[in-house]
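Comments concern the structure below.
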Amino acid sequence: MPEWELALRGGYTYQQSQMPDSGFTPGSPSADVNIISSGLGLMCKADGSFFGLAKCGELGFGPFKPQGIGLDLSYQASLYEQRTVAGNTGLRAQVNGLYQTTVHTGGISIRVIY
């Protein structure tokens, strides 16, 4: 498929918690976290066929004919380390205990190049 460009993306981040036990609130995850991300980018050039449906350069109208149309997919997993909170002095209730959190995030975007 010479009319298509493919891009694979990936990343990793480690972030330490910045919230002490005394101010911890379970409404916002706060622990050391490992973040793993991945992505896939597909770009159909003007001469390419958009999944066999139409030519990528013919999908516009009038003077707005794109030179390329792209589709990007992304996924991110935030893997928080277990955190044991002790000595919390919350205003309404103490929230001492063991916390385990995992957050999954995904995204889809469409790019049009004129």
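Just so we're on the same page: first chain in the structure tokens is A, next is B, and so on; residues restart at 1 for each chain, and ligands are numbered from 1 in the order they show up.
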Quiz item: Which polymer residues have any atom within 7 Å of an atom of Ser22 of chain A, counting only C-alpha atoms, with same-chain residues fewer than 2 positions away left out, as a list in words?
Solution: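 Those residues are Pro20, Phe24, Gly87, Asn88 and Thr89 of chain A.
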Using only C-alpha atoms, determine which residues lie at most 7 Å from segment 42-44 of chain A, disregarding the query and same-chain residues fewer than 4 positions distant; provide the list as an mmCIF file with all heavy atoms, in the first residue's frame.
data_model
loop_
_atom_site.group_PDB
_atom_site.id
_atom_site.type_symbol
_atom_site.label_atom_id
_atom_site.label_comp_id
_atom_site.auth_asym_id
_atom_site.auth_seq_id
_atom_site.Cartn_x
_atom_site.Cartn_y
_atom_site.Cartn_z
ATOM 1 N N GLU A 3 0.338 4.133 -1.083
ATOM 2 C CA GLU A 3 -0.386 5.392 -0.890
ATOM 3 C C GLU A 3 -0.698 5.661 0.583
ATOM 4 O O GLU A 3 -1.344 6.644 0.920
ATOM 5 C CB GLU A 3 -1.704 5.378 -1.680
ATOM 6 C CG GLU A 3 -1.555 5.217 -3.168
ATOM 7 C CD GLU A 3 -1.515 3.740 -3.570
ATOM 8 O OE1 GLU A 3 -1.797 2.879 -2.727
ATOM 9 O OE2 GLU A 3 -1.179 3.454 -4.725
ATOM 10 N N TRP A 4 -0.291 4.767 1.441
ATOM 11 C CA TRP A 4 -0.555 4.909 2.877
ATOM 12 C C TRP A 4 0.748 5.069 3.643
ATOM 13 O O TRP A 4 1.763 4.477 3.306
ATOM 14 C CB TRP A 4 -1.282 3.674 3.405
ATOM 15 C CG TRP A 4 -2.734 3.632 3.065
ATOM 16 C CD1 TRP A 4 -3.283 3.215 1.884
ATOM 17 C CD2 TRP A 4 -3.808 4.023 3.889
ATOM 18 N NE1 TRP A 4 -4.643 3.315 1.930
ATOM 19 C CE2 TRP A 4 -4.993 3.805 3.167
ATOM 20 C CE3 TRP A 4 -3.909 4.528 5.184
ATOM 21 C CZ2 TRP A 4 -6.252 4.080 3.679
ATOM 22 C CZ3 TRP A 4 -5.155 4.791 5.698
ATOM 23 C CH2 TRP A 4 -6.321 4.577 4.957
ATOM 24 N N GLU A 5 0.700 5.878 4.701
ATOM 25 C CA GLU A 5 1.817 5.997 5.632
ATOM 26 C C GLU A 5 1.351 5.410 6.956
ATOM 27 O O GLU A 5 0.215 5.638 7.391
ATOM 28 C CB GLU A 5 2.223 7.453 5.838
ATOM 29 C CG GLU A 5 2.840 8.093 4.617
ATOM 30 C CD GLU A 5 3.205 9.561 4.858
ATOM 31 O OE1 GLU A 5 3.058 10.058 5.986
ATOM 32 O OE2 GLU A 5 3.625 10.209 3.889
ATOM 33 N N LEU A 6 2.229 4.684 7.616
ATOM 34 C CA LEU A 6 1.917 4.052 8.887
ATOM 35 C C LEU A 6 2.906 4.537 9.934
ATOM 36 O O LEU A 6 4.113 4.578 9.678
ATOM 37 C CB LEU A 6 2.014 2.528 8.744
ATOM 38 C CG LEU A 6 1.895 1.707 10.012
ATOM 39 C CD1 LEU A 6 0.467 1.785 10.554
ATOM 40 C CD2 LEU A 6 2.275 0.261 9.726
ATOM 41 N N ALA A 7 2.407 4.922 11.097
ATOM 42 C CA ALA A 7 3.271 5.356 12.189
ATOM 43 C C ALA A 7 2.865 4.610 13.462
ATOM 44 O O ALA A 7 1.692 4.599 13.828
ATOM 45 C CB ALA A 7 3.151 6.859 12.406
ATOM 46 N N GLY A 48 -4.436 7.465 -2.721
ATOM 47 C CA GLY A 48 -4.830 6.226 -2.064
ATOM 48 C C GLY A 48 -6.331 6.072 -1.970
ATOM 49 O O GLY A 48 -7.104 6.995 -2.199
ATOM 50 N N PHE A 50 -9.501 5.159 0.466
ATOM 51 C CA PHE A 50 -9.890 5.166 1.874
ATOM 52 C C PHE A 50 -10.686 3.900 2.174
ATOM 53 O O PHE A 50 -11.893 3.844 1.997
ATOM 54 C CB PHE A 50 -10.701 6.428 2.209
ATOM 55 C CG PHE A 50 -10.875 6.649 3.673
ATOM 56 C CD1 PHE A 50 -9.821 7.085 4.454
ATOM 57 C CD2 PHE A 50 -12.096 6.425 4.282
ATOM 58 C CE1 PHE A 50 -9.971 7.294 5.817
ATOM 59 C CE2 PHE A 50 -12.261 6.629 5.639
ATOM 60 C CZ PHE A 50 -11.198 7.062 6.408
ATOM 61 N N CYS A 56 -8.821 9.059 -1.519
ATOM 62 C CA CYS A 56 -8.614 10.017 -0.427
ATOM 63 C C CYS A 56 -8.597 11.460 -0.923
ATOM 64 O O CYS A 56 -9.047 12.354 -0.225
ATOM 65 C CB CYS A 56 -7.322 9.687 0.315
ATOM 66 S SG CYS A 56 -7.421 8.118 1.196
ATOM 67 N N GLY A 68 -4.469 14.538 1.951
ATOM 68 C CA GLY A 68 -4.353 13.327 2.747
ATOM 69 C C GLY A 68 -5.359 13.320 3.882
ATOM 70 O O GLY A 68 -5.780 14.367 4.358
ATOM 71 N N ILE A 69 -5.758 12.121 4.267
ATOM 72 C CA ILE A 69 -6.671 11.946 5.391
ATOM 73 C C ILE A 69 -6.049 10.917 6.322
ATOM 74 O O ILE A 69 -5.605 9.852 5.884
ATOM 75 C CB ILE A 69 -8.061 11.467 4.927
ATOM 76 C CG1 ILE A 69 -8.712 12.541 4.052
ATOM 77 C CG2 ILE A 69 -8.951 11.130 6.108
ATOM 78 C CD1 ILE A 69 -10.039 12.135 3.473
ATOM 79 N N GLY A 70 -6.008 11.252 7.603
ATOM 80 C CA GLY A 70 -5.370 10.365 8.558
ATOM 81 C C GLY A 70 -6.297 9.949 9.683
ATOM 82 O O GLY A 70 -7.246 10.657 10.023
ATOM 83 N N LEU A 71 -6.015 8.798 10.228
ATOM 84 C CA LEU A 71 -6.740 8.270 11.371
ATOM 85 C C LEU A 71 -5.713 7.887 12.417
ATOM 86 O O LEU A 71 -4.757 7.163 12.122
ATOM 87 C CB LEU A 71 -7.566 7.049 10.952
ATOM 88 C CG LEU A 71 -8.327 6.332 12.051
ATOM 89 C CD1 LEU A 71 -9.458 7.218 12.569
ATOM 90 C CD2 LEU A 71 -8.883 5.012 11.526
ATOM 91 N N ASP A 72 -5.874 8.397 13.636
ATOM 92 C CA ASP A 72 -4.953 8.105 14.723
ATOM 93 C C ASP A 72 -5.704 7.443 15.869
ATOM 94 O O ASP A 72 -6.784 7.904 16.273
ATOM 95 C CB ASP A 72 -4.285 9.390 15.235
ATOM 96 C CG ASP A 72 -3.373 10.009 14.199
ATOM 97 O OD1 ASP A 72 -2.392 9.345 13.838
ATOM 98 O OD2 ASP A 72 -3.640 11.141 13.769
#
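Minimum distance to Gly11 of chain A across A:Gly60, A:Ala54, A:Ala77, A:Ala31 (counting only C-alpha atoms) occurs at A:Ala77.
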Quiz item: Using only C-alpha atoms, which of the listed residues (A:Tyr12, A:Tyr99, A:Tyr75, A:Phe61) sits closest to Ile36 of chain A?
Solution: A:Tyr12
